[in-house]
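Asks: Take this structure, written in structure tokens, and hold onto it; I'll ask about it next.
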Amino acid sequence: MTVGGGLLVVGEVVTDVVVRHGPPPAHGTDTPARIRVLPGGSGANVACWASRSGCSRVRLLARAGADRAAWHRDALLRAGVDAVLAVDEEVPTGTVVALVDSSAERTFLTDGGAVHRLCPGDWSPSLLDGAARLHLSGHLLFADPGRATALLALAEARRRRVPVSVDPASSGFLAGLDPGRFLDLTEGVDLLLPNADEARELTGLPDPADAAAELSRHAARVAVTLGDRGVLLAAGGEVTGRVPAVPVDGPVDSTGAGDAFTGGFLAALLTGADDTAAAAAGCRAGAEAVMTVGGRPDTR
């Protein structure tokens, strides 16, 4: 890997409708809430946080509907991301309703829209030119043709010996795909970045440390995020480190916190940091994220 090289993210953009409410929504009537419409999507969020964390060359490949493509492209450019957006004339941009409760925990309602229609025709090997790392959003692996596109990118990265990281993306979607198939698709990647729920879903092991160790038999290295309990690092079938979270006083919204960690982690790796230092950088980005409404750093 070339220290200081660029990052290519192959993932998704979605429109986030962030609904911050106090008491749980009351069935059949009104519940007061604060609502914002913001650009989001796990892959796009990772790209923006990597740029925010010091990676000077970040490129994103994703697919958006014609309804919102220009808006998303502008937001990514403001964040310092080279946005390569395929425009879908038939299906609207993906939309996620994020219900955020008083503890800042979020629950997602997801309409994938154009996300899973990223297709092999949208991919070009030249997208990897100048990239020292490839990051794949796991959302693409849950349906064709996104899966075929992600696997093309993975194959080209392996041909060029570019390290690849993968974010499993969603414990709910993993259950529907079959965890064993996900692991088969990502066998041998350089870095796997699940949260604790995703690690449990992928392994069937209830303890995150055991799950991290087991996953590091499939990927060269694993970083399992534990929210306010920090991060577990694993390699070669054993836990190799624990990095504490950065304390946060009064979190606002946990949407995108994992993406922020990933962006910060990858940006640090690209400067030559080891995994422990990179995880600490990721935790700093994650702490900033939970103090921000939505999944991106504020670029207003």
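By convention in this document, the chains of the structure tokens carry letters A, B, ... by their order, each chain's residues are numbered from 1, and ligands are numbered from 1 in the order they are shown.
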At a cut-off of 7 Å, using only C-alpha atoms, what residues contact segment 223-232 of chain A? Leave out same-chain residues fewer than 6 positions from it and give the result as a list in words.
Replies: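 Those residues are Leu192, Leu193, Pro194, Asn195, Ala196, Ala209, Ala212, Gly241, Arg242, Val243, Pro244 and Ala245 of chain A.
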Asks: Using N, CA and C atoms, can you write the selected residues to a file as a CSV table (one decimal), in the first residue's frame?
Replies:
chain,number,residue,atom,x,y,z
A,192,LEU,N,-12.2,-6.2,7.8
A,192,LEU,CA,-13.6,-6.3,8.0
A,192,LEU,C,-14.0,-5.4,9.2
A,193,LEU,N,-15.1,-4.6,9.0
A,193,LEU,CA,-15.4,-3.6,10.0
A,193,LEU,C,-16.9,-3.7,10.4
A,194,PRO,N,-17.2,-4.7,11.2
A,194,PRO,CA,-18.6,-4.9,11.7
A,194,PRO,C,-18.8,-4.2,13.0
A,195,ASN,N,-20.1,-3.9,13.3
A,195,ASN,CA,-20.4,-3.5,14.7
A,195,ASN,C,-20.6,-4.8,15.5
A,196,ALA,N,-20.9,-4.7,16.7
A,196,ALA,CA,-21.1,-5.9,17.6
A,196,ALA,C,-22.2,-6.7,17.1
A,209,ALA,N,-15.9,-10.3,21.5
A,209,ALA,CA,-14.4,-10.7,21.4
A,209,ALA,C,-14.3,-12.0,20.7
A,212,ALA,N,-15.1,-11.4,17.1
A,212,ALA,CA,-14.0,-10.7,16.4
A,212,ALA,C,-12.8,-11.7,16.1
A,241,GLY,N,-6.1,-6.2,20.3
A,241,GLY,CA,-6.1,-4.9,21.0
A,241,GLY,C,-7.5,-4.4,21.3
A,242,ARG,N,-7.6,-3.5,22.2
A,242,ARG,CA,-8.9,-2.8,22.6
A,242,ARG,C,-8.6,-1.4,22.7
A,243,VAL,N,-9.4,-0.6,22.0
A,243,VAL,CA,-9.2,0.9,22.0
A,243,VAL,C,-10.5,1.5,22.6
A,244,PRO,N,-10.3,2.4,23.6
A,244,PRO,CA,-11.5,2.9,24.3
A,244,PRO,C,-12.2,4.0,23.4
A,245,ALA,N,-13.5,4.2,23.6
A,245,ALA,CA,-14.2,5.2,22.9
A,245,ALA,C,-13.8,6.6,23.5
Asks: As number ranges by chain, please: every residue in segment 39-124 of chain A that a backbone DSSP assignment puts in strand (DSSP E).
Replies: A: 39-40, 58-65, 81-88, 94-100, 106-111
Asks: Those residues with N, CA, C and O atoms, as a compact mmCIF listing (two decimals), in the first residue's frame please?
Replies:
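The result, written out as out-v1.txt:
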# COMPACT_ATOMS: atom_id res chain seq x y z
N PRO A 39 -28.35 14.57 3.20
CA PRO A 39 -27.69 13.53 2.40
C PRO A 39 -27.07 12.48 3.30
O PRO A 39 -26.54 12.79 4.36
N GLY A 40 -27.16 11.22 2.88
CA GLY A 40 -26.63 10.13 3.67
C GLY A 40 -26.22 8.95 2.80
O GLY A 40 -25.93 9.11 1.62
N VAL A 58 -10.34 11.31 -2.12
CA VAL A 58 -11.41 10.35 -1.86
C VAL A 58 -12.37 10.36 -3.04
O VAL A 58 -12.85 11.42 -3.45
N ARG A 59 -12.64 9.19 -3.57
CA ARG A 59 -13.57 9.05 -4.69
C ARG A 59 -14.68 8.09 -4.28
O ARG A 59 -14.43 7.09 -3.60
N LEU A 60 -15.91 8.40 -4.70
CA LEU A 60 -17.06 7.54 -4.40
C LEU A 60 -17.75 7.15 -5.69
O LEU A 60 -18.07 8.02 -6.52
N LEU A 61 -18.00 5.85 -5.87
CA LEU A 61 -18.87 5.36 -6.93
C LEU A 61 -20.18 4.92 -6.31
O LEU A 61 -20.20 4.10 -5.38
N ALA A 62 -21.29 5.48 -6.80
CA ALA A 62 -22.61 5.13 -6.28
C ALA A 62 -23.64 5.42 -7.37
O ALA A 62 -23.32 5.95 -8.43
N ARG A 63 -24.88 5.10 -7.08
CA ARG A 63 -25.97 5.32 -8.04
C ARG A 63 -27.10 6.07 -7.33
O ARG A 63 -27.50 5.71 -6.22
N ALA A 64 -27.61 7.09 -8.00
CA ALA A 64 -28.69 7.90 -7.45
C ALA A 64 -29.77 8.09 -8.52
O ALA A 64 -29.48 8.07 -9.71
N GLY A 65 -30.98 8.29 -8.07
CA GLY A 65 -32.05 8.60 -9.00
C GLY A 65 -31.90 10.01 -9.54
O GLY A 65 -31.28 10.88 -8.91
N VAL A 81 -15.21 15.21 -1.69
CA VAL A 81 -15.26 13.88 -2.29
C VAL A 81 -15.49 13.99 -3.79
O VAL A 81 -16.39 14.72 -4.24
N ASP A 82 -14.70 13.27 -4.56
CA ASP A 82 -14.88 13.17 -6.00
C ASP A 82 -16.05 12.21 -6.24
O ASP A 82 -15.90 11.00 -6.08
N ALA A 83 -17.20 12.76 -6.61
CA ALA A 83 -18.43 11.97 -6.71
C ALA A 83 -18.63 11.45 -8.12
O ALA A 83 -18.84 12.23 -9.05
N VAL A 84 -18.57 10.13 -8.28
CA VAL A 84 -18.87 9.49 -9.56
C VAL A 84 -20.24 8.83 -9.38
O VAL A 84 -20.34 7.71 -8.88
N LEU A 85 -21.29 9.56 -9.76
CA LEU A 85 -22.65 9.09 -9.53
C LEU A 85 -23.30 8.69 -10.85
O LEU A 85 -23.45 9.51 -11.76
N ALA A 86 -23.66 7.42 -10.95
CA ALA A 86 -24.48 6.97 -12.06
C ALA A 86 -25.91 7.44 -11.80
O ALA A 86 -26.42 7.30 -10.68
N VAL A 87 -26.55 8.00 -12.80
CA VAL A 87 -27.89 8.56 -12.63
C VAL A 87 -28.91 7.58 -13.18
O VAL A 87 -28.85 7.17 -14.34
N ASP A 88 -29.85 7.19 -12.31
CA ASP A 88 -30.91 6.25 -12.68
C ASP A 88 -32.16 7.03 -13.06
O ASP A 88 -32.70 7.79 -12.25
N GLY A 94 -32.37 6.15 -3.19
CA GLY A 94 -32.74 5.46 -1.96
C GLY A 94 -33.06 6.44 -0.85
O GLY A 94 -32.51 7.55 -0.80
N THR A 95 -33.96 6.04 0.03
CA THR A 95 -34.38 6.89 1.15
C THR A 95 -34.38 6.08 2.44
O THR A 95 -34.82 4.93 2.46
N VAL A 96 -33.86 6.69 3.50
CA VAL A 96 -33.88 6.07 4.82
C VAL A 96 -34.54 7.03 5.80
O VAL A 96 -34.16 8.21 5.88
N VAL A 97 -35.53 6.54 6.52
CA VAL A 97 -36.11 7.28 7.63
C VAL A 97 -35.41 6.80 8.90
O VAL A 97 -35.48 5.62 9.25
N ALA A 98 -34.69 7.70 9.55
CA ALA A 98 -33.96 7.38 10.77
C ALA A 98 -34.74 7.92 11.96
O ALA A 98 -34.86 9.14 12.14
N LEU A 99 -35.29 7.03 12.76
CA LEU A 99 -36.02 7.41 13.97
C LEU A 99 -35.03 7.45 15.12
O LEU A 99 -34.47 6.41 15.50
N VAL A 100 -34.77 8.62 15.65
CA VAL A 100 -33.74 8.81 16.68
C VAL A 100 -34.42 9.14 18.00
O VAL A 100 -35.12 10.15 18.11
N ARG A 106 -30.76 5.05 17.04
CA ARG A 106 -31.57 5.20 15.84
C ARG A 106 -32.10 3.86 15.35
O ARG A 106 -31.47 2.82 15.53
N THR A 107 -33.28 3.93 14.74
CA THR A 107 -33.90 2.79 14.08
C THR A 107 -34.19 3.22 12.65
O THR A 107 -34.72 4.31 12.42
N PHE A 108 -33.86 2.35 11.68
CA PHE A 108 -33.96 2.74 10.28
C PHE A 108 -35.15 2.08 9.58
O PHE A 108 -35.41 0.88 9.79
N LEU A 109 -35.82 2.84 8.75
CA LEU A 109 -36.78 2.32 7.78
C LEU A 109 -36.17 2.62 6.40
O LEU A 109 -35.91 3.79 6.08
N THR A 110 -35.94 1.59 5.60
CA THR A 110 -35.10 1.73 4.42
C THR A 110 -35.82 1.38 3.13
O THR A 110 -36.41 0.30 3.02
N ASP A 111 -35.76 2.30 2.18
CA ASP A 111 -36.20 2.05 0.81
C ASP A 111 -34.96 2.17 -0.07
O ASP A 111 -34.46 3.27 -0.31
Asks: Quick one, how far is atom CA of Val293 of chain A from atom CA of Arg34 of chain A?
Replies: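 Between atom CA of Val293 of chain A and atom CA of Arg34 of chain A the gap is 10.5 Å.
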Asks: According to DSSP computed on the backbone, where in segment 11-243 of chain A is there alpha helix (DSSP H)? Give the residues as a PyMOL selection string.
Replies: chain A and resi 42-52+69-78+146-160+171-177+179-185+196-203+208-215
Asks: Give the answer as one residue: which of A:Asp274, A:Glu156, A:Asp210, A:Asp144 has the shortest atom-to-atom distance to Asp129 of chain A, using only C-alpha atoms?
Replies: A:Glu156
